[in-house]
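Note: the block below is structure_29.csv and it holds CSV, C-alpha atoms.
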chain,number,residue,atom,x,y,z
A,1,MET,CA,-0.9,-16.4,-7.1
A,2,ARG,CA,2.3,-15.9,-5.0
A,3,LEU,CA,2.0,-12.6,-3.1
A,4,THR,CA,4.6,-10.8,-0.9
A,5,ILE,CA,3.1,-8.3,1.5
A,6,PHE,CA,5.2,-5.6,3.2
A,7,GLY,CA,3.7,-4.0,6.3
A,8,ALA,CA,1.8,-7.3,6.9
A,9,SER,CA,1.5,-6.7,10.6
A,10,GLY,CA,-0.2,-3.4,10.3
A,11,GLN,CA,-4.0,-3.1,10.4
A,12,THR,CA,-4.5,-2.9,6.6
A,13,GLY,CA,-1.6,-5.4,6.1
A,14,LEU,CA,-3.4,-8.0,8.3
A,15,GLN,CA,-6.6,-7.5,6.2
A,16,LEU,CA,-4.5,-8.1,3.0
A,17,VAL,CA,-3.0,-11.3,4.5
A,18,GLN,CA,-6.3,-12.7,5.7
A,19,GLN,CA,-8.3,-11.9,2.6
A,20,ALA,CA,-5.5,-13.2,0.3
A,21,LEU,CA,-5.4,-16.5,2.1
A,22,GLU,CA,-9.2,-16.8,1.9
A,23,LEU,CA,-8.9,-16.3,-1.9
A,24,GLY,CA,-6.4,-19.2,-2.1
A,25,HIS,CA,-3.3,-17.2,-2.7
A,26,SER,CA,0.1,-18.2,-1.3
A,27,VAL,CA,1.3,-15.3,0.9
A,28,THR,CA,4.7,-14.2,2.1
A,29,ALA,CA,4.3,-11.8,5.0
A,30,PHE,CA,7.3,-9.7,5.6
A,31,VAL,CA,7.4,-8.5,9.2
A,32,ARG,CA,10.0,-6.9,11.5
A,33,ASN,CA,8.5,-8.2,14.8
A,34,PRO,CA,6.9,-11.6,14.5
A,35,ALA,CA,5.5,-11.2,18.0
A,36,SER,CA,3.0,-8.7,16.6
A,37,PHE,CA,1.8,-11.0,13.8
A,38,ALA,CA,-0.7,-13.7,14.9
A,39,PRO,CA,-2.0,-15.3,11.6
A,40,ARG,CA,-1.0,-18.9,10.8
A,41,HIS,CA,-1.9,-20.8,7.7
A,42,ALA,CA,-0.6,-23.6,5.5
A,43,ASN,CA,-0.2,-21.1,2.6
A,44,LEU,CA,1.4,-18.4,4.7
A,45,ASP,CA,5.1,-17.9,5.0
A,46,ILE,CA,6.2,-15.5,7.7
A,47,VAL,CA,9.6,-13.9,7.0
A,48,VAL,CA,11.3,-11.6,9.6
A,49,GLY,CA,13.5,-8.9,8.1
A,50,ASP,CA,14.2,-5.2,7.8
A,51,VAL,CA,12.9,-3.2,4.8
A,52,GLY,CA,16.1,-1.2,5.0
A,53,VAL,CA,18.2,-4.2,4.2
A,54,ALA,CA,18.3,-4.8,0.4
A,55,ASP,CA,19.1,-8.5,0.8
A,56,ASP,CA,16.2,-9.1,3.2
A,57,VAL,CA,13.8,-7.4,0.7
A,58,ALA,CA,15.2,-9.3,-2.3
A,59,SER,CA,14.8,-12.6,-0.6
A,60,VAL,CA,11.0,-12.3,-0.4
A,61,ILE,CA,10.5,-11.0,-3.9
A,62,ASN,CA,12.4,-13.6,-6.0
A,63,GLY,CA,9.9,-16.0,-7.4
A,64,GLN,CA,6.8,-14.0,-6.5
A,65,ASP,CA,4.0,-12.8,-8.8
A,66,VAL,CA,2.8,-9.6,-7.1
A,67,VAL,CA,4.2,-7.3,-4.4
A,68,LEU,CA,1.8,-5.3,-2.1
A,69,LEU,CA,3.1,-2.4,0.0
A,70,SER,CA,1.0,-1.6,3.1
A,71,LEU,CA,3.6,0.5,4.9
A,72,GLY,CA,2.3,3.1,7.3
A,73,VAL,CA,3.9,6.2,8.8
A,74,LYS,CA,3.6,7.3,12.4
A,75,MET,CA,2.9,10.9,13.2
A,76,GLY,CA,5.9,12.9,14.2
A,77,VAL,CA,8.4,10.2,13.2
A,78,ALA,CA,11.1,11.4,10.9
A,79,ASP,CA,12.1,8.0,9.7
A,80,GLN,CA,11.3,7.7,6.0
A,81,VAL,CA,10.3,4.0,6.2
A,82,CYS,CA,8.1,4.0,3.0
A,83,THR,CA,10.8,5.6,0.9
A,84,ILE,CA,13.6,3.4,2.2
A,85,ALA,CA,11.5,0.2,1.7
A,86,THR,CA,10.5,1.2,-1.8
A,87,ALA,CA,14.1,2.1,-2.8
A,88,ASN,CA,14.9,-1.6,-2.1
A,89,VAL,CA,11.6,-3.1,-3.4
A,90,VAL,CA,11.7,-1.5,-6.9
A,91,PRO,CA,15.2,-2.7,-7.9
A,92,ALA,CA,14.6,-6.2,-6.5
A,93,MET,CA,11.4,-6.5,-8.6
A,94,GLN,CA,13.2,-5.3,-11.6
A,95,GLN,CA,16.0,-7.8,-11.0
A,96,PHE,CA,13.7,-10.8,-10.6
A,97,GLY,CA,11.2,-9.8,-13.3
A,98,VAL,CA,8.2,-9.3,-10.9
A,99,ARG,CA,6.0,-6.7,-12.6
A,100,ARG,CA,2.9,-5.9,-10.5
A,101,LEU,CA,3.4,-3.5,-7.6
A,102,ILE,CA,0.3,-2.3,-5.6
A,103,ASN,CA,0.9,0.4,-3.0
A,104,ILE,CA,-1.2,2.2,-0.5
A,105,GLY,CA,-0.7,5.9,-1.1
A,106,GLY,CA,-3.0,8.7,0.1
A,107,MET,CA,-5.4,11.4,-1.2
A,108,GLY,CA,-3.2,14.2,0.1
A,109,THR,CA,-0.3,13.5,-2.2
A,110,GLY,CA,0.4,13.1,-5.9
A,111,PRO,CA,-2.3,13.2,-8.6
A,112,ALA,CA,-5.0,12.2,-6.2
A,113,ARG,CA,-4.6,15.5,-4.4
A,114,ASN,CA,-5.7,17.3,-7.5
A,115,GLN,CA,-9.1,15.6,-7.2
A,116,LEU,CA,-9.8,17.3,-3.9
A,117,SER,CA,-12.0,20.3,-3.5
A,118,ALA,CA,-10.4,23.7,-2.6
A,119,PHE,CA,-11.4,23.0,1.0
A,120,GLY,CA,-10.0,19.5,0.8
A,121,LYS,CA,-6.7,20.8,-0.4
A,122,PHE,CA,-6.8,23.3,2.5
A,123,VAL,CA,-7.3,20.5,5.0
A,124,ALA,CA,-4.5,18.4,3.4
A,125,GLY,CA,-2.3,21.4,3.7
A,126,GLY,CA,-3.1,21.7,7.4
A,127,LEU,CA,-2.3,18.0,7.9
A,128,ARG,CA,1.0,18.5,6.1
A,129,MET,CA,1.9,21.3,8.5
A,130,LEU,CA,1.1,19.0,11.4
A,131,ASP,CA,3.2,16.1,10.1
A,132,ARG,CA,5.5,17.1,7.2
A,133,HIS,CA,7.7,14.0,7.7
A,134,ALA,CA,4.8,11.6,6.9
A,135,PHE,CA,3.8,13.6,3.8
A,136,ARG,CA,7.4,13.8,2.6
A,137,ASP,CA,7.9,10.1,3.1
A,138,LYS,CA,4.8,9.2,1.0
A,139,GLU,CA,5.6,11.7,-1.7
A,140,SER,CA,9.1,10.4,-2.0
A,141,GLN,CA,7.9,6.8,-2.1
A,142,GLU,CA,5.4,7.6,-4.8
A,143,VAL,CA,8.0,9.3,-7.0
A,144,LEU,CA,10.2,6.1,-6.8
A,145,ILE,CA,7.2,4.1,-7.9
A,146,ARG,CA,6.1,6.3,-10.7
A,147,ASN,CA,9.6,6.6,-12.1
A,148,SER,CA,10.0,2.8,-12.2
A,149,ASP,CA,9.1,0.7,-15.3
A,150,LEU,CA,6.9,-1.6,-13.2
A,151,ASP,CA,3.2,-2.2,-13.6
A,152,TRP,CA,2.3,-0.2,-10.5
A,153,ILE,CA,-1.0,0.8,-9.0
A,154,ASN,CA,-1.0,3.5,-6.3
A,155,VAL,CA,-4.2,3.1,-4.3
A,156,CYS,CA,-5.4,6.3,-2.6
A,157,PRO,CA,-7.9,5.9,0.2
A,158,PRO,CA,-9.1,8.8,2.5
A,159,TRP,CA,-9.7,8.4,6.3
A,160,LEU,CA,-9.4,4.7,7.2
A,161,THR,CA,-11.7,2.9,9.6
A,162,ASN,CA,-11.8,-0.5,11.2
A,163,GLY,CA,-15.2,-1.3,9.8
A,164,PRO,CA,-16.2,-4.5,8.0
A,165,ARG,CA,-15.5,-5.5,4.4
A,166,THR,CA,-18.5,-4.6,2.3
A,167,GLY,CA,-17.1,-4.8,-1.2
A,168,VAL,CA,-19.3,-1.8,-2.0
A,169,TYR,CA,-17.5,1.5,-2.6
A,170,GLN,CA,-16.7,4.1,-5.2
A,171,PHE,CA,-13.4,3.9,-7.0
A,172,GLY,CA,-11.8,5.6,-9.9
A,173,CYS,CA,-9.3,8.3,-10.9
A,174,ASP,CA,-11.7,11.1,-11.6
A,175,LEU,CA,-13.7,11.1,-8.4
A,176,ARG,CA,-14.3,14.2,-6.2
A,177,PRO,CA,-14.4,12.8,-2.7
A,178,PRO,CA,-15.7,15.0,0.1
A,179,VAL,CA,-13.5,16.0,3.0
A,180,THR,CA,-15.4,13.6,5.2
A,181,ALA,CA,-14.8,10.6,2.9
A,182,LYS,CA,-13.8,7.4,4.5
A,183,ILE,CA,-13.4,3.7,3.9
A,184,SER,CA,-12.6,0.6,6.0
A,185,ARG,CA,-9.2,-1.0,5.9
A,186,ALA,CA,-10.9,-4.2,5.0
A,187,ASP,CA,-12.4,-2.7,1.8
A,188,VAL,CA,-9.0,-1.1,0.9
A,189,ALA,CA,-7.6,-4.6,1.1
A,190,ASP,CA,-10.5,-6.0,-1.0
A,191,PHE,CA,-9.8,-3.4,-3.7
A,192,MET,CA,-6.0,-4.0,-3.7
A,193,LEU,CA,-6.4,-7.7,-4.1
A,194,LYS,CA,-8.8,-7.2,-7.0
A,195,GLN,CA,-5.9,-5.3,-8.8
A,196,ILE,CA,-3.4,-8.2,-8.8
A,197,ILE,CA,-4.4,-9.2,-12.4
A,198,ASP,CA,-6.7,-6.4,-13.5
A,199,PRO,CA,-4.9,-3.9,-15.8
A,200,THR,CA,-7.4,-1.1,-15.5
A,201,PHE,CA,-5.5,1.0,-13.1
A,202,VAL,CA,-1.9,0.2,-14.0
A,203,GLY,CA,0.1,3.3,-13.9
A,204,LYS,CA,-2.7,5.2,-12.2
A,205,ASP,CA,-3.7,6.5,-8.7
A,206,PRO,CA,-7.3,5.2,-8.1
A,207,ILE,CA,-9.2,6.8,-5.3
A,208,LEU,CA,-11.8,4.8,-3.3
A,209,TYR,CA,-14.3,5.7,-0.6
A,210,TYR,CA,-17.9,5.1,0.4

Structure rendered as structure tokens:
Amino acid sequence: MRLTIFGASGQTGLQLVQQALELGHSVTAFVRNPASFAPRHANLDIVVGDVGVADDVASVINGQDVVLLSLGVKMGVADQVCTIATANVVPAMQQFGVRRLINIGGMGTGPARNQLSAFGKFVAGGLRMLDRHAFRDKESQEVLIRNSDLDWINVCPPWLTNGPRTGVYQFGCDLRPPVTAKISRADVADFMLKQIIDPTFVGKDPILYY
């Protein structure tokens, strides 16, 4: 399939790119700084642009099958990158008839937060106090996604590690993950790529962890 990956130069984004290419997909990697993006492949198209520029975003969505958002937020940074990007991605997908959108959310926001224990919610609340900008950005992004008419899936991992891809993890919308739950970025990418044609979690916020 033809995939566009936003946030391709991030740690999870790189896993998405590499695994998608291994699976035989054609990948368009949207990056802001090409110097930070090393992969090269015959089926890889690297496009330099700004997620805040609607024309840049639209140029890599037209003609694609699936869009994957792997945009991260940096602690203490007030820029609402995820929200700004999604505000351009959603209308471009609607304009060009691209239906499937797979986003990396988080367990501390949206419906996934309701699956946390009382202590888990307390911890999430503490993290929100430490970095309210990041939480606000992800929450605003998820609202834009949920209010769209796209076939969206909002993947909600806990603490991320740089461990290997195992392909073995728990996933679902009714799980009760412990506060110490974690999963590797490689396995998050593995799960996301399995969703590109699977309808099971369309319109849902699946949680995944070991």

Worksheet item: Looking at all atoms listed in the file, which of A:Gly13, A:Gly97, A:Pro34, A:Gly52 is the one that sits closest to Leu150 in chain A?
Response: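 Closest residue, counting all atoms listed in the file: A:Gly97.
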
Discussion item. Would you pick out the contacts of Thr28 in chain A at 12 Å or less, using only C-alpha atoms, so that residues sharing its chain but fewer than 3 positions from it are not included, and give the list as a PyMOL selection string?
Written reply: chain A and resi 1-9+13-14+16-18+20-21+25+31+39-49+57+59-68

Export, as a CSV table (one decimal), keeping the file's coordinate frame, the selected residues with C-alpha atoms.
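again-v2.csv, written as the output of this step:
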chain,number,residue,atom,x,y,z
A,1,MET,CA,-0.9,-16.4,-7.1
A,2,ARG,CA,2.3,-15.9,-5.0
A,3,LEU,CA,2.0,-12.6,-3.1
A,4,THR,CA,4.6,-10.8,-0.9
A,5,ILE,CA,3.1,-8.3,1.5
A,6,PHE,CA,5.2,-5.6,3.2
A,7,GLY,CA,3.7,-4.0,6.3
A,8,ALA,CA,1.8,-7.3,6.9
A,9,SER,CA,1.5,-6.7,10.6
A,13,GLY,CA,-1.6,-5.4,6.1
A,14,LEU,CA,-3.4,-8.0,8.3
A,16,LEU,CA,-4.5,-8.1,3.0
A,17,VAL,CA,-3.0,-11.3,4.5
A,18,GLN,CA,-6.3,-12.7,5.7
A,20,ALA,CA,-5.5,-13.2,0.3
A,21,LEU,CA,-5.4,-16.5,2.1
A,25,HIS,CA,-3.3,-17.2,-2.7
A,31,VAL,CA,7.4,-8.5,9.2
A,39,PRO,CA,-2.0,-15.3,11.6
A,40,ARG,CA,-1.0,-18.9,10.8
A,41,HIS,CA,-1.9,-20.8,7.7
A,42,ALA,CA,-0.6,-23.6,5.5
A,43,ASN,CA,-0.2,-21.1,2.6
A,44,LEU,CA,1.4,-18.4,4.7
A,45,ASP,CA,5.1,-17.9,5.0
A,46,ILE,CA,6.2,-15.5,7.7
A,47,VAL,CA,9.6,-13.9,7.0
A,48,VAL,CA,11.3,-11.6,9.6
A,49,GLY,CA,13.5,-8.9,8.1
A,57,VAL,CA,13.8,-7.4,0.7
A,59,SER,CA,14.8,-12.6,-0.6
A,60,VAL,CA,11.0,-12.3,-0.4
A,61,ILE,CA,10.5,-11.0,-3.9
A,62,ASN,CA,12.4,-13.6,-6.0
A,63,GLY,CA,9.9,-16.0,-7.4
A,64,GLN,CA,6.8,-14.0,-6.5
A,65,ASP,CA,4.0,-12.8,-8.8
A,66,VAL,CA,2.8,-9.6,-7.1
A,67,VAL,CA,4.2,-7.3,-4.4
A,68,LEU,CA,1.8,-5.3,-2.1

Discussion item. So the first atom is CA of Val143 in chain A and the second is CA of Gln95 in chain A; what is the distance between them in Å, to one decimal place?
Written reply: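 Taking CA of Val143 in chain A and CA of Gln95 in chain A, their separation equals 19.3 Å.
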
Practice prompt. Quick one: pull the distance between CA of Ile145 in chain A and CA of Ser70 in chain A, Å, one decimal.
Written response: 13.9 Å

Worksheet item: What does the distance between CA of Val179 in chain A and CA of Pro158 in chain A come to in Å, to one decimal place?
Response: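 For CA of Val179 in chain A relative to CA of Pro158 in chain A, the distance reads 8.5 Å.
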
Practice prompt. Please return, as a ChimeraX atom specification, all polymer residues that have at least one atom within 6 Å of the point (-1.6, 3.1, -0.8); use all atoms listed in the file and the file's own coordinate frame.
Written response: /A:103-106,154-156

Worksheet item: Of the residues A:Gly203, A:Pro157, A:Pro177, A:Pro91, which is the one nearest to Ala189 in chain A, using all atoms listed in the file?
Response: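 Closest to Ala189 in chain A of all the choices is A:Pro157.
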
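Among the candidate residues A:Cys173, A:Ile153, A:Ala29, A:Ala134, the one lying nearest to Gln15 in chain A is A:Ala29, with distances computed using all atoms listed in the file.
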
Worksheet item: Which of these residues is nearest to Val202 in chain A, using all atoms listed in the file: A:Ile102, A:Val188, A:Val27, A:Ala38?
Response: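 Ranked by minimum distance to Val202 in chain A, first place goes to A:Ile102.
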
Fill in: Nearest candidate to Thr12 in chain A (options A:Asp137, A:Leu69, A:Asp174, A:Thr83; using all atoms listed in the file)
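Selected residue with least distance to Thr12 in chain A: A:Leu69.
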
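Close contacts of Asp50 in chain A, defined as residues with an atom at most 9 Å away when counting all atoms listed in the file, with chain neighbours fewer than 4 positions off set aside, comprise A:Phe30, A:Val31, A:Arg32, A:Ala54, A:Asp56, A:Val57, A:Ala85.
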